[in-house]
file upload38.cif (mmCIF, C-alpha atoms)
data_start
#
loop_
_atom_site.label_atom_id
_atom_site.label_comp_id
_atom_site.auth_asym_id
_atom_site.auth_seq_id
_atom_site.Cartn_x
_atom_site.Cartn_y
_atom_site.Cartn_z
CA MET L 1 6.30 -25.16 -12.89
CA ARG L 2 7.45 -21.58 -13.55
CA THR L 3 8.77 -19.23 -10.91
CA LEU L 4 7.78 -15.57 -10.84
CA ARG L 5 10.60 -13.35 -9.64
CA LEU L 6 10.41 -9.64 -8.86
CA LEU L 7 12.79 -7.46 -10.82
CA PRO L 8 14.54 -4.50 -9.14
CA LEU L 9 12.13 -1.63 -8.50
CA LEU L 10 11.92 1.08 -11.13
CA PRO L 11 11.75 4.84 -10.45
CA VAL L 12 8.60 6.60 -9.25
CA ALA L 13 5.50 6.02 -11.40
CA ALA L 14 7.19 3.12 -13.25
CA ALA L 15 5.56 -0.32 -13.20
CA LEU L 16 7.13 -3.39 -11.66
CA VAL L 17 6.16 -6.62 -13.33
CA LEU L 18 6.62 -10.18 -12.17
CA LEU L 19 8.18 -12.15 -15.02
CA ALA L 20 8.19 -15.90 -15.53
CA ALA L 21 11.58 -17.63 -15.23
CA PRO L 22 12.79 -21.18 -14.52
CA GLN L 23 12.68 -22.22 -10.89
CA ARG L 24 16.08 -22.29 -9.19
CA ALA L 25 17.46 -25.67 -8.24
CA ALA L 26 18.40 -24.55 -4.72
CA ALA L 27 14.97 -23.49 -3.52
CA ALA L 28 14.30 -21.94 -0.13
CA ALA L 29 12.38 -23.77 2.58
CA THR L 30 8.82 -24.70 1.64
CA GLN L 31 5.87 -24.91 4.01
CA GLU L 32 2.94 -27.01 2.84
CA ALA L 33 -0.65 -25.95 3.48
CA ARG L 34 -4.01 -27.33 2.35
CA ILE L 35 -7.19 -25.77 1.04
CA VAL L 36 -10.37 -27.61 1.94
CA ASN L 37 -14.08 -26.78 1.64
CA PHE L 38 -14.18 -24.09 3.15
CA ASP L 39 -11.04 -23.65 5.20
CA TYR L 40 -7.24 -23.55 5.24
CA GLY L 41 -5.22 -26.20 7.01
CA PRO L 42 -3.64 -25.03 9.17
CA ARG L 43 -5.30 -21.65 9.51
CA LYS L 44 -2.15 -20.10 11.01
CA LEU L 45 1.40 -20.64 9.83
CA THR L 46 4.60 -19.28 11.37
CA VAL L 47 7.58 -19.29 9.00
CA ASP L 48 10.99 -17.69 8.53
CA VAL L 49 11.76 -14.96 6.01
CA GLY L 50 12.37 -16.49 2.59
CA THR L 51 10.03 -19.41 3.17
CA THR L 52 7.72 -20.44 0.35
CA VAL L 53 4.19 -21.34 1.43
CA ARG L 54 2.53 -23.72 -1.01
CA TRP L 55 -1.25 -24.09 -0.89
CA THR L 56 -2.62 -27.32 -2.42
CA ASN L 57 -6.33 -27.35 -3.20
CA THR L 58 -7.72 -30.64 -1.85
CA SER L 59 -11.33 -29.50 -2.24
CA ASN L 60 -13.70 -29.95 -5.17
CA ARG L 61 -13.92 -26.28 -6.18
CA PRO L 62 -11.49 -23.40 -6.90
CA HIS L 63 -10.17 -21.16 -4.12
CA THR L 64 -7.53 -18.45 -3.67
CA ALA L 65 -5.01 -17.33 -1.06
CA THR L 66 -5.12 -13.53 -1.17
CA ASP L 67 -3.43 -11.00 1.11
CA ARG L 68 -5.92 -8.67 2.81
CA GLY L 69 -3.23 -6.00 2.50
CA GLY L 70 -3.02 -6.32 -1.27
CA THR L 71 0.54 -7.64 -1.71
CA PHE L 72 -0.19 -11.10 -3.16
CA ASP L 73 -2.97 -13.12 -4.79
CA THR L 74 -2.65 -16.67 -6.09
CA LYS L 75 -5.76 -16.28 -8.24
CA PRO L 76 -8.14 -19.29 -8.34
CA ILE L 77 -6.39 -22.59 -7.67
CA GLN L 78 -8.25 -25.44 -9.30
CA PRO L 79 -8.99 -28.69 -7.40
CA GLY L 80 -5.89 -30.88 -7.24
CA GLN L 81 -3.55 -28.01 -8.16
CA HIS L 82 -1.37 -25.69 -6.08
CA ALA L 83 0.10 -22.19 -5.97
CA GLN L 84 2.75 -20.72 -3.73
CA VAL L 85 4.02 -17.46 -2.29
CA THR L 86 7.57 -16.69 -1.14
CA PHE L 87 7.64 -14.24 1.79
CA SER L 88 10.59 -11.84 1.85
CA VAL L 89 9.27 -9.19 4.29
CA PRO L 90 8.76 -10.11 7.96
CA GLY L 91 5.44 -9.38 9.64
CA THR L 92 1.90 -10.72 9.91
CA TYR L 93 -0.21 -11.40 6.82
CA PHE L 94 -3.98 -11.80 7.09
CA TYR L 95 -5.15 -13.63 3.99
CA PHE L 96 -8.46 -14.94 2.64
CA CYS L 97 -10.18 -16.63 -0.29
CA GLN L 98 -11.67 -14.23 -2.82
CA VAL L 99 -14.27 -16.84 -3.76
CA ASN L 100 -15.42 -17.34 -0.15
CA PRO L 101 -14.17 -14.29 1.81
CA ALA L 102 -16.59 -14.75 4.71
CA LYS L 103 -15.68 -18.35 5.43
CA MET L 104 -12.04 -18.73 4.51
CA ASN L 105 -9.46 -16.68 6.43
CA GLY L 106 -5.93 -17.50 7.51
CA VAL L 107 -2.77 -15.96 8.95
CA VAL L 108 0.89 -16.23 7.98
CA VAL L 109 3.40 -14.89 10.52
CA VAL L 110 6.83 -14.29 8.98
CA ARG L 111 9.61 -14.20 11.57
CA PRO L 112 12.38 -11.63 11.11
CA PRO L 113 15.84 -12.79 10.00
CA ALA L 114 18.91 -12.87 12.24
CA THR L 115 20.16 -9.65 10.66
CA PRO L 116 17.76 -6.69 10.44
CA ALA L 117 15.44 -6.77 7.44
CA LYS L 118 15.37 -3.88 4.98
CA ALA L 119 11.57 -3.81 5.14
CA VAL L 120 9.03 -4.68 7.85
CA ARG L 121 5.28 -5.10 7.45
CA VAL L 122 2.86 -3.23 9.75
CA GLN L 123 -0.85 -4.01 9.51
CA ALA L 124 -3.62 -1.47 10.18
CA VAL L 125 -6.39 -3.57 11.70
CA ASP L 126 -10.00 -2.80 12.63
CA PRO L 127 -13.25 -4.76 13.16
CA GLY L 128 -13.85 -4.64 9.39
CA PHE L 129 -14.68 -8.00 7.92
CA THR L 130 -12.65 -10.05 10.41
CA GLY L 131 -14.22 -8.79 13.66
CA ASP L 132 -10.85 -7.66 15.06
CA THR L 133 -10.08 -4.52 17.09
CA PHE L 134 -8.63 -1.12 16.10
CA ARG L 135 -4.86 -1.53 16.33
CA PHE L 136 -1.50 -1.56 14.59
CA ASP L 137 0.19 -4.95 14.26
CA PRO L 138 2.83 -4.62 15.61
CA ALA L 139 2.22 -1.52 17.72
CA ARG L 140 5.82 -1.40 19.00
CA LEU L 141 8.89 -2.08 16.90
CA SER L 142 12.60 -1.34 16.79
CA VAL L 143 14.36 -1.03 13.43
CA PRO L 144 17.66 0.29 12.01
CA VAL L 145 17.86 3.60 10.19
CA GLY L 146 16.86 3.14 6.55
CA THR L 147 14.21 0.50 7.23
CA THR L 148 11.08 0.67 5.10
CA LEU L 149 7.73 0.15 6.78
CA LEU L 150 5.23 -1.56 4.47
CA VAL L 151 1.86 -0.48 5.91
CA ALA L 152 -1.05 -2.69 4.84
CA ASN L 153 -4.71 -1.89 5.49
CA VAL L 154 -6.32 -5.24 6.29
CA GLY L 155 -9.48 -3.75 7.81
CA GLY L 156 -12.64 -2.15 6.52
CA LYS L 157 -11.94 1.53 7.21
CA PRO L 158 -9.36 4.03 5.91
CA HIS L 159 -6.21 4.42 8.02
CA THR L 160 -2.91 6.28 8.17
CA LEU L 161 0.35 5.69 9.97
CA THR L 162 1.38 9.18 11.06
CA ALA L 163 4.18 10.28 13.40
CA ASP L 164 2.92 12.35 16.32
CA ASP L 165 5.59 14.97 15.56
CA GLY L 166 4.86 14.98 11.81
CA SER L 167 8.15 13.28 10.88
CA PHE L 168 6.44 10.79 8.58
CA ASP L 169 2.99 9.99 7.25
CA THR L 170 1.66 7.39 4.84
CA GLY L 171 -1.35 9.48 3.91
CA VAL L 172 -4.69 7.69 3.82
CA VAL L 173 -4.46 3.98 2.98
CA ASP L 174 -7.80 2.78 1.66
CA PRO L 175 -9.57 -0.40 2.81
CA GLY L 176 -10.77 -3.16 0.55
CA ALA L 177 -14.13 -3.07 -1.21
CA GLU L 178 -17.36 -3.71 0.69
CA GLY L 179 -16.00 -2.68 4.07
CA GLY L 180 -12.92 -4.89 3.90
CA ARG L 181 -14.63 -7.91 2.38
CA PHE L 182 -11.94 -7.89 -0.30
CA ALA L 183 -8.25 -6.94 -0.40
CA GLY L 184 -7.21 -3.51 0.85
CA HIS L 185 -4.35 -1.25 -0.14
CA ASN L 186 -0.88 -0.54 1.20
CA ALA L 187 1.70 2.24 1.38
CA SER L 188 5.31 2.50 2.45
CA LEU L 189 7.64 4.92 4.17
CA THR L 190 11.37 4.78 4.81
CA LEU L 191 12.72 5.89 8.20
CA THR L 192 15.93 7.89 7.74
CA ARG L 193 16.19 9.64 11.14
CA PRO L 194 17.23 7.89 14.37
CA GLY L 195 15.12 8.34 17.47
CA THR L 196 11.94 7.15 19.13
CA PHE L 197 8.76 8.16 17.32
CA ARG L 198 5.22 7.72 18.56
CA PHE L 199 2.68 7.30 15.78
CA HIS L 200 -1.08 7.11 15.36
CA CYS L 201 -3.84 6.79 12.78
CA GLU L 202 -5.16 10.21 11.78
CA VAL L 203 -8.61 8.74 11.20
CA HIS L 204 -8.74 6.91 14.56
CA PRO L 205 -6.13 8.78 16.70
CA GLU L 206 -7.44 7.62 20.08
CA LYS L 207 -7.83 3.97 19.12
CA MET L 208 -4.73 3.29 17.05
CA LYS L 209 -1.34 4.22 18.47
CA GLY L 210 2.18 2.84 18.37
CA VAL L 211 5.87 3.61 18.75
CA VAL L 212 8.90 2.86 16.59
CA THR L 213 12.51 3.12 17.73
CA VAL L 214 14.89 3.89 14.86
CA GLU L 215 18.47 2.97 15.73
CA GLY L 216 21.74 4.02 14.11
CA ALA L 217 23.21 7.10 12.48
CA GLY L 218 20.88 9.16 10.33
CA GLU L 219 21.52 10.95 7.08
CA ALA L 220 23.34 14.27 7.08
CA ALA L 221 20.97 17.18 7.26
CA ALA L 222 20.32 18.77 3.89
CA PRO L 223 20.77 22.51 3.43
CA ALA L 224 17.63 24.45 4.22
CA ALA L 225 15.49 24.87 1.13
CA ALA L 226 13.08 27.65 0.40
CA GLY L 227 10.07 25.35 0.61
CA GLY L 228 7.45 24.91 -2.08
CA ALA L 229 6.46 27.36 -4.77
CA ARG L 230 3.97 30.06 -3.90
CA GLN L 231 1.70 28.91 -6.73
CA VAL L 232 1.12 25.68 -8.58
CA ASP L 233 -0.88 25.25 -11.78
CA VAL L 234 -3.09 22.18 -12.14
CA HIS L 235 -4.90 21.53 -15.41
CA ALA L 236 -7.85 19.23 -16.03
CA ALA L 237 -8.34 17.37 -19.30
CA ASP L 238 -10.66 14.52 -20.20
CA PHE L 239 -10.05 12.64 -17.93
CA ASN L 240 -6.96 13.40 -15.86
CA PHE L 241 -5.18 16.05 -13.83
CA SER L 242 -1.86 17.42 -15.07
CA PRO L 243 0.22 17.15 -13.01
CA ASN L 244 -1.50 14.72 -10.67
CA ASP L 245 1.22 15.11 -8.01
CA ALA L 246 2.44 18.63 -7.30
CA SER L 247 3.88 20.66 -4.44
CA VAL L 248 3.26 24.14 -3.08
CA ALA L 249 4.27 26.24 -0.07
CA PRO L 250 1.94 26.38 2.95
CA GLY L 251 -0.89 28.76 2.15
CA GLY L 252 0.19 28.97 -1.51
CA LYS L 253 -2.17 29.25 -4.45
CA VAL L 254 -3.51 26.35 -6.51
CA ALA L 255 -4.54 27.68 -9.93
CA PHE L 256 -6.95 25.23 -11.54
CA SER L 257 -7.95 25.43 -15.20
CA ASN L 258 -10.28 23.17 -17.17
CA GLN L 259 -8.73 22.44 -20.57
CA GLY L 260 -11.09 19.58 -21.36
CA LYS L 261 -14.49 19.38 -23.01
CA ALA L 262 -16.37 18.19 -19.91
CA PRO L 263 -16.98 19.98 -16.60
CA HIS L 264 -14.59 19.10 -13.76
CA THR L 265 -13.87 19.93 -10.12
CA LEU L 266 -10.81 19.90 -7.94
CA THR L 267 -12.13 18.62 -4.63
CA PHE L 268 -9.93 17.69 -1.66
CA ASP L 269 -10.67 14.54 0.31
CA ASP L 270 -9.68 15.44 3.87
CA VAL L 271 -9.95 19.24 4.05
CA THR L 272 -12.72 21.59 3.01
CA LEU L 273 -11.33 22.83 -0.29
CA ASP L 274 -13.37 22.61 -3.48
CA THR L 275 -13.40 24.65 -6.67
CA GLY L 276 -16.98 23.64 -7.39
CA THR L 277 -17.84 22.73 -10.97
CA VAL L 278 -15.52 24.42 -13.46
CA GLN L 279 -16.83 24.49 -17.01
CA PRO L 280 -14.59 23.87 -20.06
CA GLY L 281 -12.29 26.83 -20.66
CA ALA L 282 -12.89 28.28 -17.19
CA SER L 283 -10.59 28.39 -14.15
CA ALA L 284 -10.63 28.70 -10.36
CA THR L 285 -8.14 29.33 -7.56
CA LEU L 286 -7.78 27.70 -4.14
CA THR L 287 -5.56 28.47 -1.16
CA ALA L 288 -3.48 25.47 -0.08
CA PRO L 289 -3.62 24.30 3.56
CA ALA L 290 -1.23 25.98 5.99
CA LYS L 291 -0.15 22.67 7.55
CA PRO L 292 2.58 20.79 5.67
CA GLY L 293 1.62 17.32 4.54
CA SER L 294 0.03 15.33 1.76
CA TYR L 295 -3.51 16.14 0.59
CA SER L 296 -5.33 13.93 -1.91
CA TYR L 297 -8.01 15.29 -4.23
CA HIS L 298 -10.36 14.16 -6.98
CA CYS L 299 -12.89 15.37 -9.52
CA ASN L 300 -16.44 15.11 -8.17
CA VAL L 301 -17.75 14.56 -11.70
CA HIS L 302 -15.31 11.75 -12.52
CA PRO L 303 -14.04 10.53 -9.10
CA ALA L 304 -12.94 7.09 -10.29
CA LYS L 305 -10.81 8.42 -13.15
CA MET L 306 -9.42 11.71 -11.87
CA GLN L 307 -7.35 11.73 -8.70
CA GLY L 308 -4.24 13.54 -7.52
CA VAL L 309 -2.11 14.60 -4.57
CA LEU L 310 -0.94 18.04 -3.46
CA VAL L 311 2.11 18.11 -1.17
CA VAL L 312 2.35 21.19 1.05
CA LEU L 313 6.09 21.68 1.69
CA ALA L 314 7.63 23.32 4.73
CA ARG L 315 11.01 25.06 4.59
CA GLY L 316 13.93 22.62 4.45
CA ILE L 317 11.80 19.66 3.31
CA GLU L 318 12.81 17.84 0.12
CA ASP L 319 10.14 17.83 -2.58
CA PRO L 320 8.93 14.22 -3.08
CA THR L 321 7.10 15.14 -6.29
CA ALA L 322 10.42 15.83 -8.02
CA ARG L 323 10.93 12.93 -10.39
CA GLY L 324 13.42 10.22 -9.56
CA GLN L 325 13.73 10.87 -5.80
CA ALA L 326 11.60 8.19 -4.17
CA GLN L 327 13.14 4.80 -3.42
CA PRO L 328 10.45 2.08 -3.29
CA PRO L 329 10.85 -0.87 -0.91
CA PRO L 330 11.55 -4.46 -1.91
CA PRO L 331 8.57 -6.63 -2.82
CA ALA L 332 6.74 -8.51 -0.07
CA ALA L 333 6.32 -11.77 -1.93
CA ALA L 334 6.77 -13.61 -5.18
CA VAL L 335 3.89 -15.76 -6.40
CA VAL L 336 4.18 -19.12 -8.12
CA GLY L 337 1.52 -21.40 -9.55
CA GLY L 338 1.77 -25.06 -10.43
CA GLY L 339 -0.15 -27.54 -12.59
CA PRO L 340 -2.75 -27.04 -15.32
CA GLY L 341 -5.44 -24.53 -14.47
CA SER L 342 -3.57 -23.04 -11.54
CA GLY L 343 -3.90 -19.57 -13.05
CA VAL L 344 -0.32 -18.34 -12.74
CA THR L 345 -0.56 -14.57 -13.06
CA ALA L 346 2.01 -11.78 -12.99
CA PHE L 347 1.33 -8.70 -10.91
CA GLY L 348 2.12 -5.08 -11.75
CA LEU L 349 3.43 -2.86 -8.97
CA VAL L 350 3.01 0.87 -9.58
CA ALA L 351 4.96 3.31 -7.40
CA ALA L 352 3.77 6.90 -6.90
CA VAL L 353 4.73 9.56 -4.39
CA LEU L 354 1.77 10.35 -2.14
CA ALA L 355 3.06 12.44 0.79
CA ALA L 356 5.64 14.91 2.04
CA PHE L 357 9.02 13.65 3.19
CA LEU L 358 8.50 15.34 6.54
CA GLY L 359 11.47 15.36 8.88
CA GLY L 360 13.65 13.34 6.51
CA ALA L 361 11.34 10.35 6.07
CA GLY L 362 10.49 9.30 2.53
CA LEU L 363 7.07 8.06 1.46
CA SER L 364 5.85 6.20 -1.59
CA ALA L 365 2.56 4.35 -1.95
CA PHE L 366 1.88 1.18 -3.89
CA ALA L 367 -1.07 0.05 -5.96
CA PHE L 368 -1.22 -3.49 -7.28
CA ARG L 369 -2.88 -4.39 -10.55
CA ARG L 370 -3.16 -7.70 -12.34
CA ARG L 371 -1.40 -8.41 -15.59
CA ALA L 372 -1.92 -11.44 -17.78
CA ALA L 373 0.85 -14.00 -17.57
#
call {"tool": "encode", "arguments": {"input": "upload38.cif", "output": "structure tokens"}}
result
Amino acid sequence: MRTLRLLPLLPVAAALVLLAAPQRAAAAATQEARIVNFDYGPRKLTVDVGTTVRWTNTSNRPHTATDRGGTFDTKPIQPGQHAQVTFSVPGTYFYFCQVNPAKMNGVVVVRPPATPAKAVRVQAVDPGFTGDTFRFDPARLSVPVGTTLLVANVGGKPHTLTADDGSFDTGVVDPGAEGGRFAGHNASLTLTRPGTFRFHCEVHPEKMKGVVTVEGAGEAAAPAAAGGARQVDVHAADFNFSPNDASVAPGGKVAFSNQGKAPHTLTFDDVTLDTGTVQPGASATLTAPAKPGSYSYHCNVHPAKMQGVLVVLARGIEDPTARGQAQPPPPAAAVVGGGPGSGVTAFGLVAAVLAAFLGGAGLSAFAFRRRAA
């Protein structure tokens, strides 16, 4: 068997890759679980941080154990084989089988350690594909200053985790494909100011609310900055925006130019701002929103390929689009496979800044992509 261990996180926009290495002799506690046609046994596990959960496929067809929040995926486990996941971040993990997502669903609850964890998982839940209710899980938590919240969308609708006072915001975290039938996405934010903060989902503000108490001494206040630039230039080529993460002052100008050979647009997702179709060699100008925050955008002609984020900076707020400033959280889990045909696969973790560091809270979002072992 080979163990996949996560290397230290690289700077913003750098990929993290799980590499194969020999399994350590002194392994952490292991919890056994079974896969049957078409179920997990048991369906719910409660384990301590650092525990390895090993799923053995006792059925006659392949199945997976896949996080609905997008942080781990065993890939298909062949009959008679096993794969395992080591959980290093406390919280609740809804998981499912990608082969049979309607029938096979389970839960792993990871208890916090005796000393405060550096990262804590919060799930954004809705009726989606599991028939649950709109809620955060947990909705109330108390953490030390410097704790990273790993926010996973395990439902079927887009969600945010946004402080009522604007101190922090994940931006929109997308659900999984087909209304949550498959794995969703996740984002993270690090809490650097002490205090009690109420939060909500911007998409469902009346249905999804919570509160986090941040304990301890916060960071020293940084000198007041002038805020973002009054104008930012964004260029379109075939097929990308350059830069695809930029900052500007509230109400500043976004100068958009098409330097490609195909028509493009710069169209915002959550506010009514759109250049319309800009032909090759042409340009257009937009006025940025007056409210500080993170605003995602795309090209209406090539929405799958061309996406970006504009951060509207208030005075005194550090610019998260400046390279090398974001500090990503530790990984949620390491995945291990065992036996022939178990499909051991390494995962790539790509960090990118997606929102303003409002009120001293840092934000970086995570997208997982598969990489051949």
call {"tool": "resolve_selection", "arguments": {"input": "upload38.cif", "expression": "the PyMOL selection byres ((chain L and resi 172) around 9)", "output": "short mmCIF file (atom, residue, chain, number, x, y, z; two decimals) with C-alpha atoms, in the coordinates of the input"}}
result
data_model
loop_
_atom_site.label_atom_id
_atom_site.label_comp_id
_atom_site.auth_asym_id
_atom_site.auth_seq_id
_atom_site.Cartn_x
_atom_site.Cartn_y
_atom_site.Cartn_z
CA PRO L 158 -9.36 4.03 5.91
CA HIS L 159 -6.21 4.42 8.02
CA THR L 160 -2.91 6.28 8.17
CA LEU L 161 0.35 5.69 9.97
CA ASP L 169 2.99 9.99 7.25
CA THR L 170 1.66 7.39 4.84
CA GLY L 171 -1.35 9.48 3.91
CA VAL L 173 -4.46 3.98 2.98
CA ASP L 174 -7.80 2.78 1.66
CA ALA L 187 1.70 2.24 1.38
CA GLU L 202 -5.16 10.21 11.78
CA VAL L 203 -8.61 8.74 11.20
CA SER L 296 -5.33 13.93 -1.91
#
call {"tool": "resolve_selection", "arguments": {"input": "upload38.cif", "expression": "the PyMOL selection byres ((chain L and resi 138-150) around 6)", "output": "JSON, numbers by chain"}}
result
{"L": [118, 119, 120, 121, 136, 137, 151, 188, 189, 190, 191, 192, 210, 211, 212, 213, 214, 215, 216]}
call {"tool": "residues_around", "arguments": {"input": "upload38.cif", "residues": "Arg34 (chain L)", "least_positions_apart": "6", "cutoff": "8 Å", "atoms": "all atoms listed in the file", "output": "list of chain:residue names"}}
result
L:Tyr40, L:Gly41, L:Pro42, L:Trp55, L:Thr56, L:Asn57, L:Thr58
call {"tool": "atom_distance", "arguments": {"input": "upload38.cif", "atom1": "CA of Gln279 (chain L)", "atom2": "CA of Asn258 (chain L)"}}
result
6.7 Å
call {"tool": "resolve_selection", "arguments": {"input": "upload38.cif", "expression": "the PyMOL selection byres ((chain L and resi 49) around 9)", "output": "tab-separated table (two decimals) with C-alpha atoms, in the frame of the given file"}}
result
chain	number	residue	atom	x	y	z
L	47	VAL	CA	7.58	-19.29	9.00
L	48	ASP	CA	10.99	-17.69	8.53
L	50	GLY	CA	12.37	-16.49	2.59
L	51	THR	CA	10.03	-19.41	3.17
L	52	THR	CA	7.72	-20.44	0.35
L	86	THR	CA	7.57	-16.69	-1.14
L	87	PHE	CA	7.64	-14.24	1.79
L	88	SER	CA	10.59	-11.84	1.85
L	89	VAL	CA	9.27	-9.19	4.29
L	90	PRO	CA	8.76	-10.11	7.96
L	110	VAL	CA	6.83	-14.29	8.98
L	111	ARG	CA	9.61	-14.20	11.57
L	112	PRO	CA	12.38	-11.63	11.11
L	113	PRO	CA	15.84	-12.79	10.00
call {"tool": "atom_distance", "arguments": {"input": "upload38.cif", "atom1": "CA of Gln123 (chain L)", "atom2": "CA of Pro101 (chain L)"}}
result
18.5 Å
call {"tool": "atom_distance", "arguments": {"input": "upload38.cif", "atom1": "CA of Phe199 (chain L)", "atom2": "CA of Asp165 (chain L)"}}
result
8.2 Å
call {"tool": "closest_residue", "arguments": {"input": "upload38.cif", "among": "L:Phe182, L:Phe256, L:Phe268, L:Phe239", "to": "Asp73 (chain L)", "atoms": "all atoms listed in the file"}}
result
L:Phe182
call {"tool": "closest_residue", "arguments": {"input": "upload38.cif", "among": "L:Thr71, L:Ile35, L:Pro79, L:Lys44", "to": "Val109 (chain L)", "atoms": "all atoms listed in the file"}}
result
L:Lys44
call {"tool": "closest_residue", "arguments": {"input": "upload38.cif", "among": "L:Val154, L:Val36, L:Ala102, L:Leu286", "to": "Lys253 (chain L)", "atoms": "all atoms listed in the file"}}
result
L:Leu286
call {"tool": "residues_around", "arguments": {"input": "upload38.cif", "residues": "His63 (chain L)", "least_positions_apart": "2", "cutoff": "8 Å", "atoms": "all atoms listed in the file", "output": "list in words"}}
result
Ile35, Asn57, Arg61, Ala65, Lys75, Pro76, Ile77, Gln78, Cys97, Gln98, Val99 and Asn100 of chain L
call {"tool": "residues_around", "arguments": {"input": "upload38.cif", "residues": "Lys157 (chain L)", "least_positions_apart": "3", "cutoff": "12 Å", "atoms": "only C-alpha atoms", "output": "ChimeraX atom specification"}}
result
/L:124-129,133-135,152-154,160,172-181,183-185,201-204
